[in-house]
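**Student:** One file is attached below, coords.txt, containing compact mmCIF, C-alpha atoms.
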# COMPACT_ATOMS: atom_id res chain seq x y z
CA MET A 1 -19.99 -172.32 122.47
CA MET A 2 -17.69 -169.99 124.40
CA ASP A 3 -14.00 -170.69 124.70
CA PRO A 4 -13.10 -171.00 128.42
CA SER A 5 -9.83 -169.19 127.86
CA GLN A 6 -11.79 -166.19 126.61
CA GLU A 7 -13.88 -166.19 129.78
CA GLU A 8 -10.81 -166.07 132.04
CA GLN A 9 -9.03 -163.40 130.06
CA PRO A 10 -11.48 -160.60 129.30
CA SER A 11 -10.67 -158.30 126.44
CA ALA A 12 -9.50 -154.73 126.99
CA GLY A 13 -12.97 -153.38 126.24
CA SER A 14 -14.63 -155.34 129.09
CA GLN A 15 -11.99 -154.38 131.73
CA PRO A 16 -14.01 -151.61 133.50
CA ALA A 17 -16.92 -154.01 134.01
CA GLY A 18 -14.52 -156.63 135.39
CA TRP A 19 -12.98 -154.16 137.80
CA SER A 20 -16.35 -152.96 139.08
CA ARG A 21 -17.44 -156.57 139.62
CA TRP A 22 -14.20 -157.28 141.46
CA LEU A 23 -14.67 -154.17 143.62
CA ARG A 24 -18.25 -155.15 144.40
CA ILE A 25 -17.13 -158.60 145.49
CA VAL A 26 -14.42 -157.11 147.71
CA VAL A 27 -16.83 -154.65 149.36
CA ALA A 28 -20.05 -156.63 149.54
CA GLY A 29 -19.02 -160.22 148.85
CA ARG A 30 -20.46 -162.58 146.27
CA ASN A 31 -23.80 -162.54 148.06
CA PRO A 32 -24.47 -159.01 149.38
CA LYS A 33 -27.44 -160.11 151.52
CA ALA A 34 -25.41 -162.76 153.30
CA THR A 35 -22.56 -160.26 153.77
CA LEU A 36 -24.98 -157.79 155.32
CA VAL A 37 -26.20 -160.43 157.78
CA ARG A 38 -22.60 -161.38 158.61
CA VAL A 39 -21.66 -157.74 159.20
CA GLY A 40 -24.74 -157.29 161.42
CA VAL A 41 -23.89 -160.35 163.49
CA LEU A 42 -20.27 -159.19 163.78
CA ILE A 43 -21.32 -155.72 164.96
CA VAL A 44 -23.72 -157.13 167.58
CA THR A 45 -21.10 -159.66 168.77
CA CYS A 46 -18.42 -156.96 169.06
CA PHE A 47 -20.80 -154.67 170.89
CA LEU A 48 -21.74 -157.38 173.39
CA LEU A 49 -18.14 -158.45 173.79
CA PHE A 50 -16.49 -155.07 174.09
CA ASN A 51 -19.10 -152.85 175.62
CA ARG A 52 -20.06 -153.54 179.19
CA PHE A 53 -20.77 -157.26 179.10
CA VAL A 54 -17.49 -159.12 178.79
CA LEU A 55 -14.40 -157.13 177.92
CA LEU A 56 -14.37 -153.45 178.74
CA PRO A 57 -11.64 -151.45 177.05
CA ILE A 58 -10.08 -148.94 179.44
CA GLN A 59 -7.42 -146.28 179.16
CA ILE A 60 -5.40 -145.73 182.31
CA GLU A 61 -5.09 -142.15 183.51
CA GLY A 62 -2.81 -141.17 186.35
CA ILE A 63 0.20 -142.63 188.08
CA SER A 64 -1.33 -144.55 190.99
CA MET A 65 -0.64 -147.95 189.40
CA LEU A 66 2.96 -147.29 188.38
CA PRO A 67 5.16 -149.14 187.57
CA THR A 68 2.67 -151.92 186.71
CA TYR A 69 0.49 -149.74 184.48
CA LYS A 70 1.72 -146.57 182.83
CA ASP A 71 -0.30 -143.42 182.38
CA GLY A 72 -2.08 -143.48 179.04
CA SER A 73 -1.77 -147.22 178.48
CA TRP A 74 -4.70 -149.39 177.41
CA ASN A 75 -6.09 -152.47 179.05
CA PHE A 76 -9.20 -154.62 179.16
CA VAL A 77 -11.37 -155.53 182.11
CA ASN A 78 -12.93 -158.96 182.21
CA ALA A 79 -16.40 -158.36 183.60
CA LEU A 80 -17.03 -162.10 183.96
CA ALA A 81 -13.93 -162.78 186.07
CA TYR A 82 -15.81 -162.91 189.35
CA LEU A 83 -18.90 -164.88 188.41
CA GLN A 84 -17.63 -168.07 190.05
CA HIS A 85 -15.57 -166.55 192.87
CA GLY A 86 -14.83 -163.21 194.46
CA PRO A 87 -11.73 -161.09 193.83
CA ARG A 88 -8.47 -162.63 195.03
CA ARG A 89 -5.54 -161.01 196.75
CA GLY A 90 -3.17 -159.49 194.20
CA ASP A 91 -5.85 -159.07 191.52
CA VAL A 92 -5.91 -155.73 189.74
CA VAL A 93 -9.54 -154.74 189.55
CA SER A 94 -11.58 -151.92 188.14
CA ILE A 95 -13.81 -150.12 190.61
CA ARG A 96 -16.80 -148.25 189.29
CA LEU A 97 -18.22 -144.99 190.57
CA ALA A 98 -21.75 -144.04 189.43
CA GLY A 99 -21.14 -145.99 186.22
CA ILE A 100 -18.42 -147.58 184.16
CA HIS A 101 -17.30 -144.59 182.10
CA ARG A 102 -14.79 -143.57 184.79
CA MET A 103 -13.33 -146.20 187.07
CA TYR A 104 -10.48 -146.67 189.49
CA LEU A 105 -7.87 -149.32 188.77
CA LYS A 106 -6.46 -150.74 192.01
CA ARG A 107 -4.95 -153.89 193.44
CA ILE A 108 -6.83 -155.99 195.99
CA ILE A 109 -4.71 -156.58 199.08
CA GLY A 110 -7.34 -157.25 201.74
CA LEU A 111 -10.19 -159.77 201.68
CA PRO A 112 -13.53 -159.74 203.54
CA GLY A 113 -13.22 -160.08 207.30
CA GLU A 114 -9.50 -159.27 207.39
CA THR A 115 -7.80 -156.39 209.18
CA VAL A 116 -5.49 -154.34 206.95
CA ALA A 117 -2.87 -151.86 208.13
CA PHE A 118 0.31 -150.20 206.88
CA GLU A 119 3.40 -150.14 209.09
CA ASN A 120 6.66 -148.61 207.88
CA GLY A 121 5.47 -149.12 204.32
CA HIS A 122 4.63 -152.80 204.82
CA VAL A 123 1.10 -154.11 204.46
CA LEU A 124 -0.10 -156.05 207.48
CA ILE A 125 -2.96 -158.51 207.07
CA ASP A 126 -4.27 -159.55 210.47
CA GLY A 127 -0.89 -158.52 211.88
CA GLN A 128 1.17 -160.52 209.37
CA VAL A 129 3.39 -158.84 206.77
CA LEU A 130 2.06 -159.35 203.24
CA ASP A 131 4.55 -160.38 200.58
CA GLU A 132 4.07 -158.08 197.61
CA PRO A 133 6.34 -159.07 194.70
CA TYR A 134 4.66 -156.47 192.46
CA GLU A 135 5.62 -153.67 194.83
CA LYS A 136 8.86 -152.15 193.54
CA THR A 137 8.69 -148.58 194.79
CA PRO A 138 9.79 -147.38 198.23
CA CYS A 139 7.00 -146.78 200.70
CA ASP A 140 6.92 -145.37 204.24
CA TRP A 141 3.20 -145.40 204.90
CA ASP A 142 1.77 -145.81 208.37
CA TYR A 143 -1.95 -146.31 208.35
CA PRO A 144 -4.13 -147.52 211.23
CA PRO A 145 -5.80 -150.95 211.03
CA VAL A 146 -9.01 -151.20 209.04
CA LYS A 147 -11.38 -154.07 209.74
CA LEU A 148 -13.15 -155.18 206.56
CA GLY A 149 -16.80 -156.16 206.54
CA PRO A 150 -18.17 -159.43 205.13
CA ASP A 151 -18.56 -157.94 201.65
CA GLU A 152 -15.63 -155.54 201.62
CA TYR A 153 -12.19 -155.62 200.04
CA PHE A 154 -9.16 -153.39 200.56
CA ALA A 155 -7.85 -151.86 197.33
CA VAL A 156 -4.72 -149.79 196.81
CA GLY A 157 -2.52 -148.67 193.94
CA ASP A 158 0.98 -150.03 193.33
CA ASN A 159 2.61 -146.60 193.36
CA ARG A 160 3.06 -145.77 197.03
CA THR A 161 5.87 -143.26 196.63
CA MET A 162 3.57 -140.35 197.40
CA PRO A 163 2.14 -139.67 200.89
CA TRP A 164 -0.90 -141.84 201.61
CA GLN A 165 -3.03 -138.69 201.93
CA ALA A 166 -2.49 -138.07 198.22
CA HIS A 167 -3.43 -141.61 197.23
CA LYS A 168 -6.97 -142.89 196.76
CA PHE A 169 -7.27 -146.26 198.48
CA GLY A 170 -9.24 -148.14 201.10
CA ARG A 171 -12.34 -150.24 201.62
CA VAL A 172 -14.49 -151.02 198.61
CA GLY A 173 -17.77 -152.90 198.45
CA ARG A 174 -18.03 -155.99 196.26
CA ASP A 175 -20.83 -154.32 194.28
CA HIS A 176 -18.41 -151.62 193.09
CA ILE A 177 -15.87 -154.09 191.68
CA VAL A 178 -16.60 -154.43 187.96
CA GLY A 179 -13.98 -156.94 186.92
CA LYS A 180 -10.35 -157.91 186.63
CA ALA A 181 -7.70 -156.31 184.43
CA ILE A 182 -6.50 -158.94 181.99
CA LEU A 183 -3.18 -157.54 180.74
CA MET B 1 -48.65 -156.10 148.96
CA LYS B 2 -50.78 -153.04 149.59
CA ILE B 3 -51.60 -154.25 153.10
CA ALA B 4 -47.92 -154.82 153.85
CA LEU B 5 -47.05 -151.36 152.58
CA ARG B 6 -49.80 -149.82 154.69
CA LEU B 7 -48.58 -151.69 157.75
CA VAL B 8 -45.04 -150.47 157.20
CA LEU B 9 -46.26 -146.91 156.75
CA LEU B 10 -48.41 -147.21 159.87
CA ALA B 11 -45.43 -148.50 161.88
CA ALA B 12 -43.24 -145.67 160.56
CA LEU B 13 -45.93 -143.15 161.46
CA ALA B 14 -46.26 -144.60 164.95
CA ALA B 15 -42.46 -144.47 165.42
CA LEU B 16 -42.45 -140.85 164.26
CA GLY B 17 -45.26 -140.07 166.69
CA VAL B 18 -43.43 -141.68 169.60
CA TRP B 19 -40.22 -139.82 168.67
CA LEU B 20 -42.07 -136.48 168.46
CA TRP B 21 -43.82 -137.17 171.77
CA MET B 22 -40.45 -137.86 173.42
CA ILE B 23 -39.02 -134.63 171.99
CA LEU B 24 -41.98 -132.49 172.98
CA PHE B 25 -42.68 -134.13 176.33
CA PRO B 26 -39.38 -135.49 177.65
CA SER B 27 -39.41 -137.73 180.71
CA PRO B 28 -38.19 -136.26 184.03
CA GLU B 29 -35.11 -138.50 183.79
CA LYS B 30 -34.19 -137.00 180.44
CA VAL B 31 -34.81 -133.45 181.67
CA ILE B 32 -32.56 -134.06 184.70
CA ARG B 33 -29.81 -135.53 182.49
CA GLN B 34 -30.02 -132.47 180.27
CA ARG B 35 -29.79 -130.27 183.40
CA PHE B 36 -26.60 -132.02 184.46
CA ALA B 37 -25.12 -131.67 180.98
CA ALA B 38 -25.91 -127.94 181.14
CA LEU B 39 -24.45 -127.71 184.66
CA ALA B 40 -21.22 -129.33 183.45
CA ARG B 41 -20.95 -126.78 180.65
CA ALA B 42 -21.68 -123.91 183.04
CA ALA B 43 -19.17 -125.13 185.62
CA SER B 44 -16.36 -125.50 183.08
CA SER B 45 -14.14 -122.51 182.54
CA SER B 46 -11.35 -121.35 180.29
CA ALA B 47 -8.09 -119.74 181.37
CA ASP B 48 -8.73 -116.36 179.74
CA GLU B 49 -11.98 -115.47 181.48
CA SER B 50 -12.81 -111.89 182.33
CA ASP B 51 -14.22 -110.88 185.74
CA LEU B 52 -17.59 -110.19 184.18
CA MET B 53 -17.66 -113.65 182.63
CA ARG B 54 -16.82 -115.16 186.00
CA LEU B 55 -19.66 -113.29 187.69
CA ALA B 56 -22.11 -114.40 185.01
CA ALA B 57 -20.88 -117.97 185.28
CA GLY B 58 -21.29 -117.89 189.07
CA GLN B 59 -24.92 -116.82 188.72
CA ASN B 60 -25.47 -119.36 185.98
CA VAL B 61 -24.14 -122.26 188.08
CA ALA B 62 -26.04 -121.08 191.16
CA GLY B 63 -29.23 -121.15 189.09
CA PHE B 64 -29.09 -124.94 189.07
CA PHE B 65 -29.40 -124.99 192.86
CA SER B 66 -32.23 -124.27 195.27
CA THR B 67 -32.14 -121.15 197.47
CA ASN B 68 -30.85 -123.33 200.31
CA VAL B 69 -28.64 -126.30 199.60
CA GLU B 70 -27.66 -128.97 202.06
CA LEU B 71 -24.07 -130.09 201.58
CA LYS B 72 -22.58 -133.27 202.94
CA VAL B 73 -19.28 -133.34 201.12
CA GLU B 74 -15.72 -134.26 201.89
CA ILE B 75 -13.66 -131.45 200.47
CA PRO B 76 -10.53 -130.11 202.23
CA ASN B 77 -11.20 -126.95 204.30
CA PHE B 78 -14.91 -127.49 204.09
CA ASN B 79 -17.35 -128.49 206.82
CA ASP B 80 -18.54 -132.05 206.47
CA HIS B 81 -22.18 -131.14 206.83
CA SER B 82 -23.48 -127.67 206.22
CA SER B 83 -26.12 -125.63 204.52
CA VAL B 84 -25.31 -122.95 201.98
CA GLU B 85 -27.36 -120.35 200.19
CA ARG B 86 -27.50 -119.96 196.45
CA GLU B 87 -25.57 -116.69 196.63
CA GLU B 88 -22.73 -118.40 198.49
CA ILE B 89 -22.52 -120.96 195.69
CA ALA B 90 -22.25 -118.17 193.13
CA GLN B 91 -19.44 -116.55 195.14
CA ALA B 92 -17.62 -119.86 195.55
CA VAL B 93 -17.81 -120.47 191.79
CA VAL B 94 -16.38 -117.00 191.06
CA ILE B 95 -13.52 -117.49 193.55
CA GLY B 96 -12.82 -121.00 192.27
CA ARG B 97 -12.71 -119.86 188.66
CA SER B 98 -10.42 -116.94 189.43
CA ARG B 99 -7.94 -119.26 191.19
CA SER B 100 -7.88 -122.02 188.59
CA GLY B 101 -6.31 -121.58 185.21
CA GLY B 102 -9.15 -123.42 183.53
CA LEU B 103 -11.49 -126.19 184.51
CA LYS B 104 -13.29 -128.86 182.55
CA VAL B 105 -16.19 -130.52 184.33
CA THR B 106 -17.96 -133.59 182.98
CA PHE B 107 -20.54 -135.98 184.37
CA PRO B 108 -19.72 -139.19 182.52
CA ASP B 109 -22.30 -141.25 184.41
CA VAL B 110 -25.66 -139.93 185.60
CA ASN B 111 -28.14 -142.40 187.11
CA VAL B 112 -31.49 -140.81 187.85
CA ALA B 113 -34.23 -142.21 190.05
CA VAL B 114 -37.40 -140.12 190.03
CA ASN B 115 -39.69 -140.57 193.02
CA PRO B 116 -43.29 -141.67 192.37
CA ASP B 117 -44.57 -138.15 193.11
CA LYS B 118 -42.54 -136.94 190.07
CA LEU B 119 -41.55 -133.88 192.08
CA SER B 120 -38.32 -135.13 193.59
CA ALA B 121 -35.46 -137.24 192.32
CA VAL B 122 -32.06 -138.58 193.29
CA ALA B 123 -29.18 -138.58 190.84
CA ASP B 124 -26.09 -140.69 191.36
CA VAL B 125 -23.38 -138.91 189.40
CA THR B 126 -19.70 -139.36 188.62
CA VAL B 127 -18.03 -135.96 188.76
CA ASP B 128 -14.85 -135.59 186.71
CA ALA B 129 -13.16 -132.23 187.10
CA ASP B 130 -10.01 -131.66 185.11
CA VAL B 131 -8.04 -128.67 186.37
CA ARG B 132 -5.70 -127.21 183.77
CA GLY B 133 -2.07 -127.80 184.65
CA GLU B 134 -2.74 -130.62 187.10
CA HIS B 135 -1.91 -134.16 186.11
CA ASP B 136 -4.65 -136.05 187.96
CA SER B 137 -8.27 -135.10 187.60
CA PHE B 138 -10.70 -134.90 190.50
CA LEU B 139 -12.89 -137.96 190.32
CA GLN B 140 -15.73 -138.44 192.74
CA GLU B 141 -19.11 -140.12 192.95
CA MET B 142 -21.76 -137.77 194.29
CA LYS B 143 -25.43 -138.02 195.10
CA PHE B 144 -27.67 -135.09 194.19
CA THR B 145 -31.21 -134.70 195.47
CA LEU B 146 -33.42 -132.57 193.26
CA HIS B 147 -36.84 -131.00 193.69
CA LYS B 148 -39.10 -129.71 190.98
CA VAL B 149 -39.81 -126.07 191.81
CA ASP B 150 -41.95 -124.00 189.43
CA GLY B 151 -41.32 -126.50 186.66
CA GLN B 152 -37.54 -126.52 187.15
CA TRP B 153 -35.44 -129.28 188.65
CA LEU B 154 -33.26 -127.66 191.31
CA ILE B 155 -30.55 -129.31 193.40
CA ILE B 156 -31.39 -129.21 197.10
CA ARG B 157 -28.80 -131.61 198.49
CA VAL B 158 -25.29 -132.67 197.52
CA GLU B 159 -23.63 -135.64 199.15
CA THR B 160 -20.28 -137.34 198.65
CA VAL B 161 -20.42 -141.09 198.02
CA ARG B 162 -17.34 -142.81 199.38
CA VAL B 163 -16.32 -145.59 197.03
CA LEU B 164 -12.84 -146.10 198.47
CA SER B 165 -12.77 -145.28 202.17
Output the file's structure as structure tokens, nothing else.

**Tutor:**
Amino acid sequence: MMDPSQEEQPSAGSQPAGWSRWLRIVVAGRNPKATLVRVGVLIVTCFLLFNRFVLLPIQIEGISMLPTYKDGSWNFVNALAYLQHGPRRGDVVSIRLAGIHRMYLKRIIGLPGETVAFENGHVLIDGQVLDEPYEKTPCDWDYPPVKLGPDEYFAVGDNRTMPWQAHKFGRVGRDHIVGKAIL
Amino acid sequence: MKIALRLVLLAALAALGVWLWMILFPSPEKVIRQRFAALARAASSSADESDLMRLAAGQNVAGFFSTNVELKVEIPNFNDHSSVEREEIAQAVVIGRSRSGGLKVTFPDVNVAVNPDKLSAVADVTVDADVRGEHDSFLQEMKFTLHKVDGQWLIIRVETVRVLS
């Protein structure tokens, strides 16, 4: 019969074998087949979660969303945010072009059917000044009223310090809105 | 066991056959995607280009277009709707490259729809042009119409798609 204390404390001669077993357990687990299945499931889950379907990782380029989002910062877009309802005023959304590898990040300020205008830097929704607590930069834009269609939103960046001609903003169709920025 | 092994070998052989078929006879969609990848490489330029390189690049880029190209684009100082010849495209590329200190063009998204006749197609493309020294890159969705002429897919129409308007 083997002494249990001997089993727990291997002799110096059996140390390499013990180390290799320990390393194998760390890398592949006690049951390598089950570990392989777990790794496979994890990879598929991460792919579904982070690539296109639920959470899209994005890196922000440019200064149009300053000071809310800095150039070079990372964020995630929740692609399921608008399954139950459409975008809401104040939401920061990602807007796709031909695909999702390059997108605009803008804030929704106008909803379908509304008329949006800029007057002395203030946003007017159907003639009423919109309260924008997120807007911290000075703005002197004057932009004629835009009537939105039944499936259109008005999107604009938070950084309105530059002339409006240099800023990409305006009407966007619902089908181009991919999701909502979560951070 | 032998049957299972034969089945696996047969499946592997079939997969290899399909893969070879796709390599040797690519679908029109794949050919058009490869054309756009080549166009992006041809349109990109480095800062230290010689005049001769610019001329060659102009001809190279123009080779992706038909002899007459219909343009419906919104670019400053450019007519909204016009028709240009291939040679004009080559000249415009040369002038553009001489003025910019380097340009990197990519098409990160290319959606191709080939018409049933397999001789014409429409590609919805995101154009990302990064001009050296400028902070913001030019980002635009564009629609390209292509025709297959003498076995080559050539661009016959370029149109700006307004996402934010």

**Student:** Could you tell me which residues of chain B sit within 10 Å of chain A when counting all atoms listed in the file, and give me the result as JSON, numbers by chain?

**Tutor:** {"B": [107, 108, 109, 110, 111, 123, 124, 125, 126, 127, 128, 135, 136, 137, 139, 140, 141, 142, 143, 161, 162, 163, 164, 165]}

**Student:** Rounded to one decimal, what separation in Å do you get between atom CA of B:Arg132 and atom CA of B:Glu88?

**Tutor:**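 Going from atom CA of B:Arg132 over to atom CA of B:Glu88 covers 24.2 Å.
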
**Student:** For stretch 145-163 of chain B, what centre and edge lengths in Å (one decimal) does the axis-aligned box get once 5 Å is added on each side of all its listed atoms, as JSON?

**Tutor:**
{"center_x": -29.1, "center_y": -134.8, "center_z": 193.0, "size_x": 35.6, "size_y": 31.6, "size_z": 22.7}

**Student:** Go ahead and compute the interatomic distance for atom CA of B:Ala47 and atom CA of B:Ala129, in Å to one decimal.

**Tutor:**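 Distance between the two atoms: 14.6 Å.
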
**Student:** Between atom CA of B:Thr160 and atom CA of B:Val69, what is the distance in Å, rounded to a tenth?

**Tutor:**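 Answer for the atom CA of B:Thr160 to atom CA of B:Val69 separation: 13.9 Å.
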
**Student:** Give me the residues near B:Phe65 as a PDB file with C-alpha atoms, keeping the file's coordinate frame, where near means some atom within 12 Å (using only C-alpha atoms) and where sequence neighbours in that chain fewer than 6 positions away do not count.

**Tutor:**
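Writing the result to selection21.pdb gives the following:
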ATOM      1  CA  ARG B  35     -29.790-130.270 183.400  1.00  0.00           C
ATOM      2  CA  PHE B  36     -26.600-132.020 184.460  1.00  0.00           C
ATOM      3  CA  LEU B  39     -24.450-127.710 184.660  1.00  0.00           C
ATOM      4  CA  GLY B  58     -21.290-117.890 189.070  1.00  0.00           C
ATOM      5  CA  GLN B  59     -24.920-116.820 188.720  1.00  0.00           C
ATOM      6  CA  LEU B  71     -24.070-130.090 201.580  1.00  0.00           C
ATOM      7  CA  VAL B  84     -25.310-122.950 201.980  1.00  0.00           C
ATOM      8  CA  GLU B  85     -27.360-120.350 200.190  1.00  0.00           C
ATOM      9  CA  ARG B  86     -27.500-119.960 196.450  1.00  0.00           C
ATOM     10  CA  GLU B  87     -25.570-116.690 196.630  1.00  0.00           C
ATOM     11  CA  GLU B  88     -22.730-118.400 198.490  1.00  0.00           C
ATOM     12  CA  ILE B  89     -22.520-120.960 195.690  1.00  0.00           C
ATOM     13  CA  ALA B  90     -22.250-118.170 193.130  1.00  0.00           C
ATOM     14  CA  PHE B 144     -27.670-135.090 194.190  1.00  0.00           C
ATOM     15  CA  THR B 145     -31.210-134.700 195.470  1.00  0.00           C
ATOM     16  CA  LEU B 146     -33.420-132.570 193.260  1.00  0.00           C
ATOM     17  CA  HIS B 147     -36.840-131.000 193.690  1.00  0.00           C
ATOM     18  CA  LYS B 148     -39.100-129.710 190.980  1.00  0.00           C
ATOM     19  CA  VAL B 149     -39.810-126.070 191.810  1.00  0.00           C
ATOM     20  CA  GLN B 152     -37.540-126.520 187.150  1.00  0.00           C
ATOM     21  CA  TRP B 153     -35.440-129.280 188.650  1.00  0.00           C
ATOM     22  CA  LEU B 154     -33.260-127.660 191.310  1.00  0.00           C
ATOM     23  CA  ILE B 155     -30.550-129.310 193.400  1.00  0.00           C
ATOM     24  CA  ILE B 156     -31.390-129.210 197.100  1.00  0.00           C
ATOM     25  CA  ARG B 157     -28.800-131.610 198.490  1.00  0.00           C
ATOM     26  CA  VAL B 158     -25.290-132.670 197.520  1.00  0.00           C
TER      27      VAL B 158
END

**Student:** Mind checking which residues fall within 12 Å of A:Val116, counting only C-alpha atoms, ignoring those fewer than 2 positions away in the same chain, and posting them as number ranges by chain?

**Tutor:** A: 108-114, 118-119, 122-130, 142-149, 152-156, 169-171

**Student:** Considering all atoms listed in the file, state which residue in the set B:Val31, B:Ile23, B:Leu5, B:Leu16 is at the smallest distance from B:Lys118.

**Tutor:**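 Checking each of B:Val31, B:Ile23, B:Leu5, B:Leu16 against B:Lys118, counting all atoms listed in the file, the winner is B:Val31.
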
**Student:** Give as number ranges by chain the set of residues within 12 Å of the point (-10.1, -150.6, 179.9), where distances use the file's coordinates and only C-alpha atoms.

**Tutor:** A: 50-52, 54-61, 69, 72-79, 92-96, 100-105, 178-183

**Student:** Which polymer residues have any atom within 12 Å of an atom of B:Met53, counting only C-alpha atoms, with same-chain residues fewer than 5 positions away left out, as an mmCIF file with C-alpha atoms, in the frame of the given file?

**Tutor:**
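Final output, around.cif:
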data_model
loop_
_atom_site.group_PDB
_atom_site.id
_atom_site.type_symbol
_atom_site.label_atom_id
_atom_site.label_comp_id
_atom_site.auth_asym_id
_atom_site.auth_seq_id
_atom_site.Cartn_x
_atom_site.Cartn_y
_atom_site.Cartn_z
ATOM 1 C CA ALA B 42 -21.680 -123.910 183.040
ATOM 2 C CA ALA B 43 -19.170 -125.130 185.620
ATOM 3 C CA SER B 44 -16.360 -125.500 183.080
ATOM 4 C CA SER B 45 -14.140 -122.510 182.540
ATOM 5 C CA SER B 46 -11.350 -121.350 180.290
ATOM 6 C CA ALA B 47 -8.090 -119.740 181.370
ATOM 7 C CA ASP B 48 -8.730 -116.360 179.740
ATOM 8 C CA GLY B 58 -21.290 -117.890 189.070
ATOM 9 C CA GLN B 59 -24.920 -116.820 188.720
ATOM 10 C CA ASN B 60 -25.470 -119.360 185.980
ATOM 11 C CA VAL B 93 -17.810 -120.470 191.790
ATOM 12 C CA VAL B 94 -16.380 -117.000 191.060
ATOM 13 C CA ARG B 97 -12.710 -119.860 188.660
ATOM 14 C CA SER B 98 -10.420 -116.940 189.430
#

**Student:** Using all atoms listed in the file, pick whichever of B:Leu10, B:Val112, B:Ala57, B:Val131 has the shortest atom-to-atom distance to B:Ala38.

**Tutor:**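 With all atoms listed in the file as the atom set, the closest residue is B:Ala57.
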